[in-house]
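As provided, model_10.txt (compact mmCIF, C-alpha atoms and all ligand atoms) reads as follows.
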```
# COMPACT_ATOMS: atom_id res chain seq x y z
CA ASP A 1 25.06 -0.96 -31.97
CA SER A 2 21.56 0.54 -31.77
CA VAL A 3 20.52 2.14 -28.49
CA PHE A 4 17.30 0.16 -29.02
CA ALA A 5 19.03 -3.19 -29.52
CA HIS A 6 17.39 -4.56 -26.36
CA VAL A 7 13.84 -3.93 -27.64
CA VAL A 8 12.00 -7.22 -28.02
CA GLN A 9 9.43 -7.99 -30.69
CA ALA A 10 5.95 -7.30 -29.28
CA PRO A 11 3.08 -9.69 -30.01
CA GLU A 12 0.39 -8.62 -32.50
CA ASP A 13 -2.78 -7.16 -31.03
CA PRO A 14 -5.12 -10.14 -30.39
CA ILE A 15 -7.91 -8.56 -32.48
CA LEU A 16 -6.10 -6.49 -35.12
CA GLY A 17 -3.52 -9.27 -35.50
CA VAL A 18 -6.22 -11.49 -37.00
CA THR A 19 -6.35 -9.20 -40.03
CA VAL A 20 -2.56 -9.23 -40.31
CA ALA A 21 -2.65 -13.03 -40.54
CA TYR A 22 -5.61 -12.92 -42.94
CA ASN A 23 -3.79 -10.54 -45.30
CA LYS A 24 -0.86 -12.97 -45.54
CA ASP A 25 -3.08 -15.92 -46.57
CA PRO A 26 -3.06 -16.43 -50.39
CA SER A 27 -6.19 -18.67 -50.41
CA PRO A 28 -9.04 -17.35 -52.60
CA ASN A 29 -11.58 -18.77 -50.11
CA LYS A 30 -10.20 -16.94 -47.09
CA LEU A 31 -12.71 -15.23 -44.84
CA ASN A 32 -11.99 -12.54 -42.24
CA LEU A 33 -14.48 -12.69 -39.36
CA GLY A 34 -12.06 -11.16 -36.89
CA VAL A 35 -12.35 -7.45 -37.04
CA GLY A 36 -15.46 -5.59 -35.96
CA ALA A 37 -16.17 -3.58 -39.08
CA TYR A 38 -19.28 -3.73 -41.23
CA ARG A 39 -19.06 -5.30 -44.67
CA THR A 40 -21.62 -5.33 -47.47
CA GLU A 41 -23.11 -8.51 -48.91
CA GLU A 42 -20.23 -8.27 -51.42
CA GLY A 43 -17.72 -8.22 -48.57
CA LYS A 44 -16.79 -4.57 -49.14
CA PRO A 45 -16.42 -1.75 -46.60
CA LEU A 46 -19.41 0.61 -46.66
CA VAL A 47 -19.47 4.40 -46.66
CA LEU A 48 -23.05 5.44 -45.88
CA ASN A 49 -24.74 7.47 -48.59
CA VAL A 50 -25.73 10.08 -46.02
CA VAL A 51 -22.07 10.41 -45.02
CA ARG A 52 -21.11 11.01 -48.67
CA ARG A 53 -23.84 13.68 -48.87
CA ALA A 54 -22.62 15.38 -45.71
CA GLU A 55 -19.03 15.34 -46.95
CA GLN A 56 -20.12 16.86 -50.26
CA GLN A 57 -21.82 19.69 -48.40
CA LEU A 58 -18.73 20.27 -46.30
CA VAL A 59 -16.43 20.33 -49.32
CA ASN A 60 -18.68 22.82 -51.15
CA ASP A 61 -18.78 25.20 -48.21
CA ARG A 62 -15.93 27.63 -49.00
CA SER A 63 -16.36 29.37 -45.66
CA ARG A 64 -14.93 26.33 -43.87
CA VAL A 65 -11.34 26.67 -42.73
CA LYS A 66 -8.79 24.35 -41.13
CA GLU A 67 -8.31 26.22 -37.86
CA TYR A 68 -7.92 24.27 -34.61
CA LEU A 69 -11.07 23.24 -32.82
CA PRO A 70 -11.35 24.12 -29.14
CA ILE A 71 -9.84 21.60 -26.68
CA ILE A 72 -13.24 19.94 -26.19
CA GLY A 73 -14.03 19.90 -29.91
CA LEU A 74 -16.97 21.08 -31.97
CA ALA A 75 -19.64 22.55 -29.69
CA GLU A 76 -22.57 21.62 -31.92
CA PHE A 77 -21.29 18.07 -32.26
CA ASN A 78 -21.12 17.76 -28.48
CA LYS A 79 -24.64 19.06 -27.98
CA LEU A 80 -26.12 16.80 -30.66
CA SER A 81 -24.20 13.76 -29.38
CA ALA A 82 -25.62 14.25 -25.90
CA LYS A 83 -29.14 14.48 -27.32
CA LEU A 84 -28.59 11.35 -29.37
CA ILE A 85 -27.54 9.22 -26.42
CA PHE A 86 -29.61 10.71 -23.58
CA GLY A 87 -32.70 11.66 -25.64
CA ALA A 88 -33.70 15.13 -26.82
CA GLU A 89 -36.03 15.62 -23.83
CA SER A 90 -33.55 14.41 -21.22
CA PRO A 91 -33.95 16.51 -18.04
CA ALA A 92 -30.20 16.27 -17.45
CA ILE A 93 -29.59 18.09 -20.75
CA LEU A 94 -32.39 20.63 -20.18
CA GLU A 95 -30.93 21.39 -16.75
CA ASN A 96 -27.41 21.79 -18.22
CA ARG A 97 -26.08 19.03 -15.95
CA VAL A 98 -24.27 17.21 -18.76
CA THR A 99 -20.82 18.00 -20.00
CA THR A 100 -19.84 16.45 -23.33
CA VAL A 101 -16.43 16.62 -24.97
CA GLN A 102 -15.45 15.42 -28.45
CA CYS A 103 -12.86 12.64 -28.25
CA LEU A 104 -10.96 10.23 -30.49
CA SER A 105 -13.76 7.72 -31.08
CA GLY A 106 -14.83 5.29 -28.35
CA THR A 107 -11.31 4.37 -27.27
CA GLY A 108 -10.23 7.97 -26.79
CA SER A 109 -13.43 8.71 -24.87
CA LEU A 110 -12.76 5.82 -22.50
CA ARG A 111 -9.19 6.96 -21.99
CA VAL A 112 -10.14 10.58 -21.23
CA GLY A 113 -12.79 9.30 -18.82
CA ALA A 114 -10.28 7.06 -17.07
CA GLU A 115 -7.74 9.86 -16.63
CA PHE A 116 -10.40 12.24 -15.32
CA LEU A 117 -11.57 9.66 -12.77
CA ALA A 118 -8.01 8.86 -11.70
CA ARG A 119 -7.45 12.55 -10.95
CA HIS A 120 -10.78 13.57 -9.45
CA TYR A 121 -12.72 10.58 -8.15
CA HIS A 122 -12.19 9.11 -4.72
CA GLU A 123 -12.34 5.42 -5.74
CA ARG A 124 -9.81 4.28 -8.36
CA THR A 125 -11.13 0.76 -8.89
CA ILE A 126 -13.11 -0.02 -12.02
CA TYR A 127 -14.98 -3.32 -12.41
CA ILE A 128 -15.14 -4.69 -15.94
CA PRO A 129 -17.15 -7.71 -17.13
CA VAL A 130 -15.63 -11.11 -17.91
CA PRO A 131 -15.13 -11.33 -20.77
CA THR A 132 -14.95 -7.85 -22.27
CA TRP A 133 -13.42 -6.01 -25.21
CA GLY A 134 -9.69 -6.79 -24.96
CA ASN A 135 -8.64 -3.16 -24.94
CA HIS A 136 -10.67 -2.23 -21.83
CA PRO A 137 -8.21 -3.43 -19.16
CA LYS A 138 -5.29 -1.74 -20.93
CA VAL A 139 -7.07 1.57 -21.45
CA PHE A 140 -8.20 1.78 -17.85
CA THR A 141 -4.91 0.63 -16.33
CA LEU A 142 -2.86 3.07 -18.38
CA GLY A 143 -5.46 5.74 -17.61
CA GLY A 144 -4.57 5.37 -13.94
CA LEU A 145 -7.35 3.11 -12.64
CA SER A 146 -7.06 -0.25 -10.99
CA VAL A 147 -9.01 -2.96 -12.81
CA LYS A 148 -11.11 -5.67 -11.17
CA THR A 149 -13.68 -7.92 -12.79
CA TYR A 150 -17.27 -9.01 -12.34
CA ARG A 151 -18.85 -12.19 -13.64
CA TYR A 152 -20.91 -11.64 -16.79
CA TYR A 153 -21.04 -14.55 -19.23
CA ASP A 154 -21.98 -18.11 -18.44
CA PRO A 155 -20.40 -20.53 -20.96
CA ALA A 156 -22.81 -23.29 -19.87
CA THR A 157 -25.93 -21.37 -20.95
CA ARG A 158 -24.16 -19.10 -23.41
CA GLY A 159 -26.16 -16.37 -21.70
CA LEU A 160 -25.86 -13.89 -18.86
CA ASN A 161 -24.57 -15.04 -15.47
CA PHE A 162 -27.00 -12.67 -13.79
CA GLN A 163 -26.64 -14.16 -10.31
CA GLY A 164 -22.85 -13.93 -10.51
CA LEU A 165 -23.06 -10.37 -11.76
CA LEU A 166 -25.31 -9.30 -8.88
CA GLU A 167 -23.09 -11.05 -6.33
CA ASP A 168 -19.90 -9.48 -7.64
CA LEU A 169 -21.30 -5.95 -7.88
CA GLY A 170 -22.97 -6.51 -4.51
CA SER A 171 -19.62 -7.18 -2.89
CA ALA A 172 -17.74 -4.37 -4.68
CA PRO A 173 -16.61 -1.57 -2.37
CA SER A 174 -19.01 1.36 -2.18
CA GLY A 175 -18.15 4.01 -4.75
CA ALA A 176 -16.35 1.67 -7.14
CA ILE A 177 -16.66 2.41 -10.86
CA VAL A 178 -18.46 -0.17 -13.01
CA LEU A 179 -17.92 -0.46 -16.76
CA LEU A 180 -21.17 -1.40 -18.51
CA HIS A 181 -21.64 -2.11 -22.23
CA ALA A 182 -24.69 -0.03 -23.16
CA CYS A 183 -25.86 -2.62 -25.70
CA ALA A 184 -24.49 -5.38 -27.95
CA HIS A 185 -21.92 -6.59 -25.42
CA ASN A 186 -18.58 -7.30 -27.07
CA PRO A 187 -17.53 -10.13 -27.42
CA THR A 188 -20.50 -12.14 -26.11
CA GLY A 189 -23.53 -10.54 -27.80
CA VAL A 190 -25.34 -11.11 -24.50
CA ASP A 191 -27.20 -8.13 -22.99
CA PRO A 192 -29.28 -7.89 -19.80
CA THR A 193 -33.03 -7.57 -20.34
CA LEU A 194 -34.66 -4.27 -19.34
CA GLU A 195 -35.88 -5.92 -16.13
CA GLN A 196 -32.34 -7.08 -15.36
CA TRP A 197 -30.99 -3.59 -16.13
CA GLU A 198 -33.47 -2.20 -13.63
CA GLN A 199 -32.17 -4.60 -10.96
CA ILE A 200 -28.58 -3.69 -11.81
CA ARG A 201 -29.48 -0.01 -11.54
CA GLN A 202 -31.12 -0.44 -8.15
CA LEU A 203 -28.20 -2.42 -6.79
CA MET A 204 -25.63 0.05 -8.10
CA ARG A 205 -27.47 3.11 -6.84
CA SER A 206 -28.07 1.56 -3.42
CA LYS A 207 -24.32 0.87 -3.11
CA GLY A 208 -23.18 4.15 -4.64
CA LEU A 209 -21.38 2.38 -7.52
CA LEU A 210 -20.52 4.77 -10.37
CA PRO A 211 -21.72 3.64 -13.84
CA PHE A 212 -19.35 4.16 -16.78
CA PHE A 213 -21.14 3.18 -20.00
CA ASP A 214 -19.32 2.16 -23.15
CA SER A 215 -21.67 2.82 -26.08
CA ALA A 216 -19.92 1.59 -29.22
CA TYR A 217 -23.01 0.19 -30.99
CA GLN A 218 -25.98 2.54 -30.54
CA GLY A 219 -28.49 1.69 -33.29
CA PHE A 220 -26.32 -1.13 -34.56
CA ALA A 221 -27.83 -3.70 -32.20
CA SER A 222 -31.57 -3.36 -32.79
CA GLY A 223 -31.57 -0.93 -35.70
CA ARG A 224 -33.25 1.63 -33.42
CA LEU A 225 -31.20 4.40 -31.81
CA ASP A 226 -33.52 5.01 -28.87
CA ALA A 227 -33.95 1.34 -28.00
CA ASP A 228 -30.19 0.80 -27.89
CA ALA A 229 -29.77 3.71 -25.45
CA GLN A 230 -32.39 2.45 -22.97
CA SER A 231 -29.91 1.11 -20.43
CA ILE A 232 -28.15 4.47 -20.17
CA ARG A 233 -31.37 6.44 -20.04
CA MET A 234 -32.61 4.36 -17.08
CA PHE A 235 -29.54 5.42 -15.10
CA VAL A 236 -29.94 9.07 -16.11
CA ALA A 237 -33.66 9.12 -15.31
CA ASP A 238 -33.03 8.43 -11.61
CA GLY A 239 -31.12 11.71 -11.32
CA GLY A 240 -27.84 10.04 -10.41
CA GLU A 241 -24.44 10.54 -11.97
CA CYS A 242 -22.97 8.53 -14.81
CA LEU A 243 -20.30 8.58 -17.51
CA VAL A 244 -20.70 7.64 -21.16
CA ALA A 245 -18.18 6.96 -23.94
CA GLN A 246 -19.84 7.19 -27.37
CA SER A 247 -18.40 5.99 -30.68
CA TYR A 248 -19.55 6.80 -34.22
CA ALA A 249 -17.26 4.13 -35.70
CA LYS A 250 -19.95 1.50 -36.22
CA ASN A 251 -23.25 3.35 -36.39
CA MET A 252 -22.07 5.95 -38.92
CA GLY A 253 -19.28 3.83 -40.37
CA LEU A 254 -16.73 6.52 -39.42
CA TYR A 255 -14.13 4.03 -38.12
CA GLY A 256 -10.97 5.74 -39.33
CA GLU A 257 -12.27 9.27 -38.76
CA ARG A 258 -11.92 8.66 -35.01
CA VAL A 259 -15.02 10.50 -33.88
CA GLY A 260 -16.65 9.99 -30.51
CA ALA A 261 -17.85 11.80 -27.44
CA PHE A 262 -17.36 11.52 -23.71
CA SER A 263 -20.11 12.76 -21.38
CA ILE A 264 -20.45 13.10 -17.64
CA VAL A 265 -23.94 13.55 -16.23
CA CYS A 266 -23.61 15.55 -13.01
CA LYS A 267 -26.00 16.53 -10.26
CA SER A 268 -25.92 20.25 -11.03
CA ALA A 269 -24.96 22.67 -13.79
CA ASP A 270 -22.36 24.18 -11.51
CA VAL A 271 -20.57 20.85 -11.02
CA ALA A 272 -20.82 20.09 -14.75
CA ARG A 273 -19.07 23.37 -15.59
CA ARG A 274 -16.20 22.66 -13.21
CA VAL A 275 -15.90 19.07 -14.42
CA GLU A 276 -15.65 20.34 -18.00
CA SER A 277 -12.84 22.72 -17.05
CA GLN A 278 -10.90 19.74 -15.65
CA LEU A 279 -11.57 17.59 -18.73
CA LYS A 280 -9.78 20.27 -20.73
CA LEU A 281 -6.73 19.82 -18.50
CA VAL A 282 -6.79 16.09 -19.22
CA ILE A 283 -7.08 16.56 -22.99
CA ARG A 284 -4.72 19.49 -23.65
CA PRO A 285 -1.42 17.68 -22.89
CA MET A 286 -2.65 14.41 -24.48
CA TYR A 287 -3.50 15.56 -28.05
CA SER A 288 -4.34 19.25 -27.60
CA ASN A 289 -7.63 19.19 -29.52
CA PRO A 290 -9.57 16.73 -31.70
CA PRO A 291 -9.82 16.55 -35.52
CA ILE A 292 -12.53 18.49 -37.40
CA HIS A 293 -13.65 16.30 -40.26
CA GLY A 294 -15.52 13.43 -38.60
CA ALA A 295 -17.24 15.65 -36.07
CA SER A 296 -18.38 17.97 -38.86
CA ILE A 297 -19.90 15.02 -40.73
CA VAL A 298 -21.78 13.91 -37.62
CA ALA A 299 -23.03 17.42 -36.83
CA THR A 300 -24.17 17.93 -40.44
CA ILE A 301 -26.22 14.73 -40.30
CA LEU A 302 -27.64 15.12 -36.80
CA ARG A 303 -28.74 18.74 -37.27
CA ASP A 304 -30.69 18.11 -40.47
CA ARG A 305 -34.01 16.25 -40.20
CA ASP A 306 -33.82 14.83 -43.70
CA MET A 307 -30.24 13.58 -43.34
CA TYR A 308 -30.96 12.22 -39.88
CA ASN A 309 -33.84 10.19 -41.30
CA GLU A 310 -31.71 8.89 -44.13
CA TRP A 311 -29.09 7.84 -41.57
CA THR A 312 -31.63 5.88 -39.51
CA VAL A 313 -32.75 3.99 -42.63
CA GLU A 314 -29.16 3.08 -43.59
CA LEU A 315 -28.35 2.14 -39.99
CA LYS A 316 -31.36 -0.16 -39.80
CA ALA A 317 -30.33 -1.80 -43.08
CA MET A 318 -26.90 -2.63 -41.58
CA ALA A 319 -28.46 -4.01 -38.38
CA ASP A 320 -30.98 -6.03 -40.39
CA ARG A 321 -28.32 -7.56 -42.62
CA ILE A 322 -26.41 -8.69 -39.54
CA ILE A 323 -29.55 -10.20 -38.04
CA SER A 324 -30.34 -12.04 -41.28
CA MET A 325 -26.79 -13.48 -41.32
CA ARG A 326 -27.52 -14.91 -37.86
CA HIS A 327 -30.58 -16.70 -39.23
CA GLU A 328 -28.77 -17.96 -42.33
CA LEU A 329 -25.87 -19.38 -40.30
CA PHE A 330 -28.22 -20.99 -37.78
CA ASP A 331 -30.28 -22.56 -40.58
CA ALA A 332 -27.14 -23.78 -42.36
CA LEU A 333 -25.91 -25.58 -39.22
CA ARG A 334 -29.33 -27.11 -38.64
CA ALA A 335 -29.44 -28.28 -42.27
CA ARG A 336 -26.08 -30.00 -41.77
CA GLY A 337 -27.25 -31.60 -38.54
CA THR A 338 -24.26 -30.09 -36.75
CA PRO A 339 -24.27 -31.44 -33.19
CA GLY A 340 -25.09 -28.97 -30.43
CA ASP A 341 -27.58 -26.26 -29.64
CA TRP A 342 -26.79 -23.28 -31.87
CA SER A 343 -29.76 -21.14 -30.87
CA HIS A 344 -27.39 -18.63 -29.24
CA ILE A 345 -26.45 -17.56 -32.79
CA ILE A 346 -29.92 -16.06 -33.24
CA LYS A 347 -30.34 -14.94 -29.63
CA GLN A 348 -27.15 -12.92 -29.28
CA ILE A 349 -27.24 -9.20 -30.04
CA GLY A 350 -25.08 -6.95 -32.19
CA MET A 351 -22.13 -7.46 -34.44
CA PHE A 352 -20.65 -10.57 -32.89
CA THR A 353 -21.56 -14.16 -32.22
CA PHE A 354 -19.72 -15.78 -29.36
CA THR A 355 -19.80 -19.21 -30.93
CA GLY A 356 -18.56 -21.31 -28.04
CA LEU A 357 -15.84 -22.76 -30.29
CA ASN A 358 -12.60 -23.24 -28.37
CA SER A 359 -9.14 -22.09 -29.45
CA GLU A 360 -8.23 -25.52 -30.93
CA GLN A 361 -11.39 -25.51 -33.03
CA VAL A 362 -10.65 -21.95 -34.15
CA ALA A 363 -7.09 -22.95 -35.10
CA PHE A 364 -8.47 -25.91 -37.06
CA MET A 365 -10.91 -23.68 -38.97
CA THR A 366 -8.13 -21.23 -39.81
CA LYS A 367 -5.76 -23.97 -40.97
CA GLU A 368 -8.21 -26.10 -42.93
CA TYR A 369 -10.79 -23.53 -44.06
CA HIS A 370 -8.85 -20.22 -44.08
CA ILE A 371 -11.39 -18.66 -41.74
CA TYR A 372 -9.94 -16.00 -39.46
CA MET A 373 -11.41 -15.01 -36.08
CA THR A 374 -10.23 -14.26 -32.56
CA SER A 375 -9.15 -17.32 -30.58
CA ASP A 376 -12.05 -16.91 -28.13
CA GLY A 377 -14.42 -18.08 -30.88
CA ARG A 378 -15.92 -14.67 -31.56
CA ILE A 379 -17.06 -14.16 -35.14
CA SER A 380 -18.11 -10.89 -36.72
CA MET A 381 -21.51 -11.46 -38.35
CA ALA A 382 -20.94 -8.27 -40.34
CA GLY A 383 -18.11 -10.01 -42.20
CA LEU A 384 -20.43 -12.76 -43.46
CA SER A 385 -22.62 -12.87 -46.58
CA SER A 386 -25.10 -15.33 -48.08
CA ARG A 387 -22.27 -16.47 -50.34
CA THR A 388 -19.87 -17.25 -47.47
CA VAL A 389 -22.29 -18.72 -44.90
CA PRO A 390 -22.05 -22.27 -46.37
CA HIS A 391 -18.24 -22.21 -46.14
CA LEU A 392 -18.41 -21.12 -42.48
CA ALA A 393 -21.08 -23.71 -41.68
CA ASP A 394 -18.95 -26.44 -43.28
CA ALA A 395 -15.98 -25.34 -41.20
CA ILE A 396 -17.91 -25.24 -37.93
CA HIS A 397 -19.45 -28.62 -38.70
CA ALA A 398 -16.01 -30.12 -39.35
CA ALA A 399 -14.55 -28.49 -36.26
CA VAL A 400 -17.12 -29.94 -33.85
CA THR A 401 -17.52 -33.43 -35.37
N1 LIG A 501 -15.81 -0.38 -26.92
C1 LIG A 501 -16.19 -1.53 -27.47
C2 LIG A 501 -16.98 -2.49 -26.67
C3 LIG A 501 -15.83 -1.81 -28.78
O1 LIG A 501 -16.23 -2.97 -29.32
C4 LIG A 501 -15.08 -0.88 -29.52
C5 LIG A 501 -14.69 -1.15 -30.93
N2 LIG A 501 -14.28 -2.39 -31.26
C6 LIG A 501 -14.73 0.31 -28.88
C7 LIG A 501 -15.11 0.52 -27.59
C8 LIG A 501 -13.93 1.41 -29.49
O2 LIG A 501 -13.91 1.58 -30.83
P1 LIG A 501 -13.47 2.94 -31.50
O3 LIG A 501 -12.36 3.50 -30.69
O4 LIG A 501 -13.09 2.55 -32.86
O5 LIG A 501 -14.69 3.81 -31.46
```
The structure in this file should be written as C-alpha cells.
Amino acid sequence: DSVFAHVVQAPEDPILGVTVAYNKDPSPNKLNLGVGAYRTEEGKPLVLNVVRRAEQQLVNDRSRVKEYLPIIGLAEFNKLSAKLIFGAESPAILENRVTTVQCLSGTGSLRVGAEFLARHYHERTIYIPVPTWGNHPKVFTLGGLSVKTYRYYDPATRGLNFQGLLEDLGSAPSGAIVLLHACAHNPTGVDPTLEQWEQIRQLMRSKGLLPFFDSAYQGFASGRLDADAQSIRMFVADGGECLVAQSYAKNMGLYGERVGAFSIVCKSADVARRVESQLKLVIRPMYSNPPIHGASIVATILRDRDMYNEWTVELKAMADRIISMRHELFDALRARGTPGDWSHIIKQIGMFTFTGLNSEQVAFMTKEYHIYMTSDGRISMAGLSSRTVPHLADAIHAAVT
C-alpha cells in the first residue's frame, strides 16, 4: 500500500478551477469569464508588440548569459519598478528610503512581504477587505500573519461601504497591517474616490496602521499608469511607511513569466538598507533568487523612452477595450429590458464586473448557457467580445427573469 494512501482529493482552486471545468465542456458556444487574463476581441491571449520587440532585442544580445541573478533580482528592474509605482520624482526614491526586490509576480511579492512582517514587525494582524482576491487570506496566513477583515463592499448599493470601512479600521488595534487594493479592486471593481482615499489615509496614519498595497492592475484600470498609482502615492507623500506588491502580469501581459516587485518605503536610507538585508534572508531559503527573463523584458521596456511609450499605447488599448465591453453589456441588458439596475456594470473599475448574480444564477448560466465564472458572480470583462456579449446578455436575462 502507498505511504500516501490516506491523502484525500483536494478541491479545485475556486478561480483556476473554473478554467478546468470550462476546458471539459464540449459546447462550441462556451465562454470562459472566470480567469483574470486579457483576451483580444477574437478571444485570444495577447502578447504585447512591445514585449515581442524587447524579447527580440534580448535574444540578439549575445553578451547575455544565464547566470543566477542576485537574491533580490535584477537591480535595474528594481529601480525602474520603484519609479513606475512611486513616480520618477518621488522624494522617497531620491532620498534612498525605498528598498525594492524582484519577486515572483504579485503573489510572490505578497508572500515575501508577509514573511518579512511576521519576522520583523511588532503587530502580526493584517486586515483584508470583504470580499477580496481569494488567495489573500491563504498567502498571509501561510506567511505567518493573522488575518482579520474590514467591511468594504455593500451588496445593496453595489458600491463601497465607506462607513463600515472607516468604522472597522477605526477600531483596529494600533499598528495593525491593512491590505489595500491600489486600484481596480478584485473582485468588486469598486474603488474609493480620491477624497475617500484621503480620509482613509488620515485615519490610518492617525492610528499608526501600516498600509500594505497590492498593485496588480496599474494602468489596466484607467489606461493611465500615474492615475492608477495615486492611492499609493498619497500614502508615500506624507512621509510615512508603506509596503507595495507590484505585478506585471496584467499590465505587460507577462502572466506566466512571474515578474513582480516588492517595495518597502522606510523613514530613512539607513533603515531601508537593513530592511533589504533581511528581505534577502526571507528569499534565499524560499527560492534562492528570481528568474531572469521577465525582469529583463520589463527593464528593457522601462529604460527606453520609445518602448515605454509604445507600452503605454498598448496598455491603454487593453483598458479601453475592457471599458467598451462594459458599455456593450450594459446596453445589451437595457435593450432586453432585463429587470434591475445594471449601472454598476459601467461604474465598476478594472478587469472585473461584480454582477450581483448569486451562486444559483451562476450555476444556471453555466448549465444552460455554458458560461463559466466564479460562483460569487464575478465576470472578467477582458474575456468578452462584441461577438459574445449578446450570448452573455441572454444568459443574464434568463437567469434573473
Ligand atoms: N492581487 C490581486 C488583487 C490579483 O487580482 C492578482 C491576480 N489575479 C494578484 C494579486 C496576483 O497575480 P500574479 O501573482 O499573477 O501577479
Residues of chain A within 6 Å of ligand LIG 501 (chain A): nearest atom pair and distance (Å, one decimal) for each, counting all atoms listed in the file, sorted by chain and number, as JSON lines?
```
{"residue": "A:Gly36", "atom": "CA", "partner": "A:LIG501", "partner_atom": "N2", "distance": 5.8}
{"residue": "A:Ser105", "atom": "CA", "partner": "A:LIG501", "partner_atom": "O5", "distance": 4.0}
{"residue": "A:Gly106", "atom": "CA", "partner": "A:LIG501", "partner_atom": "O5", "distance": 3.4}
{"residue": "A:Thr107", "atom": "CA", "partner": "A:LIG501", "partner_atom": "O3", "distance": 3.7}
{"residue": "A:Trp133", "atom": "CA", "partner": "A:LIG501", "partner_atom": "C2", "distance": 5.2}
{"residue": "A:Asn186", "atom": "CA", "partner": "A:LIG501", "partner_atom": "C2", "distance": 5.1}
{"residue": "A:Asp214", "atom": "CA", "partner": "A:LIG501", "partner_atom": "N1", "distance": 5.7}
{"residue": "A:Ala216", "atom": "CA", "partner": "A:LIG501", "partner_atom": "N1", "distance": 5.1}
{"residue": "A:Ser247", "atom": "CA", "partner": "A:LIG501", "partner_atom": "O5", "distance": 4.4}
{"residue": "A:Ala249", "atom": "CA", "partner": "A:LIG501", "partner_atom": "O5", "distance": 5.0}
{"residue": "A:Tyr255", "atom": "CA", "partner": "A:LIG501", "partner_atom": "O4", "distance": 5.6}
```
By how many Å are CA of Asp154 in chain A and CA of Ala221 in chain A apart?
-> 20.8 Å
Hey, what's within 8 Å of range 346-353 of chain A if we count all atoms listed in the file and toss same-chain stuff fewer than 6 positions away? As a short mmCIF file (atom, residue, chain, number, x, y, z; two decimals) with C-alpha atoms, keeping the file's coordinate frame, please?
```cif
data_model
loop_
_atom_site.label_atom_id
_atom_site.label_comp_id
_atom_site.auth_asym_id
_atom_site.auth_seq_id
_atom_site.Cartn_x
_atom_site.Cartn_y
_atom_site.Cartn_z
CA GLY A 36 -15.46 -5.59 -35.96
CA CYS A 183 -25.86 -2.62 -25.70
CA ALA A 184 -24.49 -5.38 -27.95
CA HIS A 185 -21.92 -6.59 -25.42
CA ASN A 186 -18.58 -7.30 -27.07
CA PRO A 187 -17.53 -10.13 -27.42
CA THR A 188 -20.50 -12.14 -26.11
CA GLY A 189 -23.53 -10.54 -27.80
CA VAL A 190 -25.34 -11.11 -24.50
CA ASP A 191 -27.20 -8.13 -22.99
CA TYR A 217 -23.01 0.19 -30.99
CA PHE A 220 -26.32 -1.13 -34.56
CA ALA A 221 -27.83 -3.70 -32.20
CA SER A 222 -31.57 -3.36 -32.79
CA ALA A 319 -28.46 -4.01 -38.38
CA ILE A 322 -26.41 -8.69 -39.54
CA ILE A 323 -29.55 -10.20 -38.04
CA ARG A 326 -27.52 -14.91 -37.86
CA HIS A 327 -30.58 -16.70 -39.23
CA PHE A 330 -28.22 -20.99 -37.78
CA ARG A 378 -15.92 -14.67 -31.56
CA ILE A 379 -17.06 -14.16 -35.14
CA SER A 380 -18.11 -10.89 -36.72
CA MET A 381 -21.51 -11.46 -38.35
CA ALA A 382 -20.94 -8.27 -40.34
#
```
Close residues, range 270-278 of chain A itself excluded, 12 Å, all atoms listed in the file, min 3 positions apart in chain, as number ranges by chain = A: 71-72, 92-93, 95-102, 112-113, 115-121, 241-243, 262-267, 281-284
A straight line from CA of Thr40 in chain A to CA of Arg336 in chain A spans 25.7 Å
Do you know which residues are at most 8 Å from Val147 in chain A counting all atoms listed in the file, after dropping those on the same chain fewer than 3 positions away, and could you put them as an mmCIF file with C-alpha atoms, in the frame of the given file?
```cif
data_model
loop_
_atom_site.group_PDB
_atom_site.id
_atom_site.type_symbol
_atom_site.label_atom_id
_atom_site.label_comp_id
_atom_site.auth_asym_id
_atom_site.auth_seq_id
_atom_site.Cartn_x
_atom_site.Cartn_y
_atom_site.Cartn_z
ATOM 1 C CA THR A 125 -11.130 0.760 -8.890
ATOM 2 C CA ILE A 126 -13.110 -0.020 -12.020
ATOM 3 C CA TYR A 127 -14.980 -3.320 -12.410
ATOM 4 C CA ILE A 128 -15.140 -4.690 -15.940
ATOM 5 C CA PRO A 137 -8.210 -3.430 -19.160
ATOM 6 C CA PHE A 140 -8.200 1.780 -17.850
ATOM 7 C CA THR A 141 -4.910 0.630 -16.330
#
```
What does the distance between CA of Pro129 in chain A and CA of Gln230 in chain A come to in Å, to one decimal place?
->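 If I compute the distance from CA of Pro129 in chain A to CA of Gln230 in chain A, I get 19.2 Å.
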Just give me the residues with any atom within 8 Å of (-14.4, -0.6, -37.7), file coordinates, counting all atoms listed in the file, written as a list in words.
->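 The residues that fall inside the cut-off are Val35, Gly36, Ala37, Tyr38, Ala249, Lys250, Gly253, Leu254, Tyr255 and Gly256 of chain A.
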Leaving out Ile371 in chain A and any residue of its chain fewer than 4 positions from it, which residues lie within 7 Å of it when counting all atoms listed in the file, given as a ChimeraX atom specification?
-> /A:30-32,365-366
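Shown here are all protein and nucleic acid residues lying within 12 Å of (-14.4, -24.7, -30.3), with only C-alpha atoms considered: A:Pro155, A:Gly340, A:Phe354, A:Thr355, A:Gly356, A:Leu357, A:Asn358, A:Ser359, A:Glu360, A:Gln361, A:Val362, A:Ala363, A:Phe364, A:Met365, A:Thr366, A:Met373, A:Thr374, A:Ser375, A:Asp376, A:Gly377, A:Arg378, A:Ile379, A:Ala395, A:Ile396, A:His397, A:Ala398, A:Ala399, A:Val400, A:Thr401.
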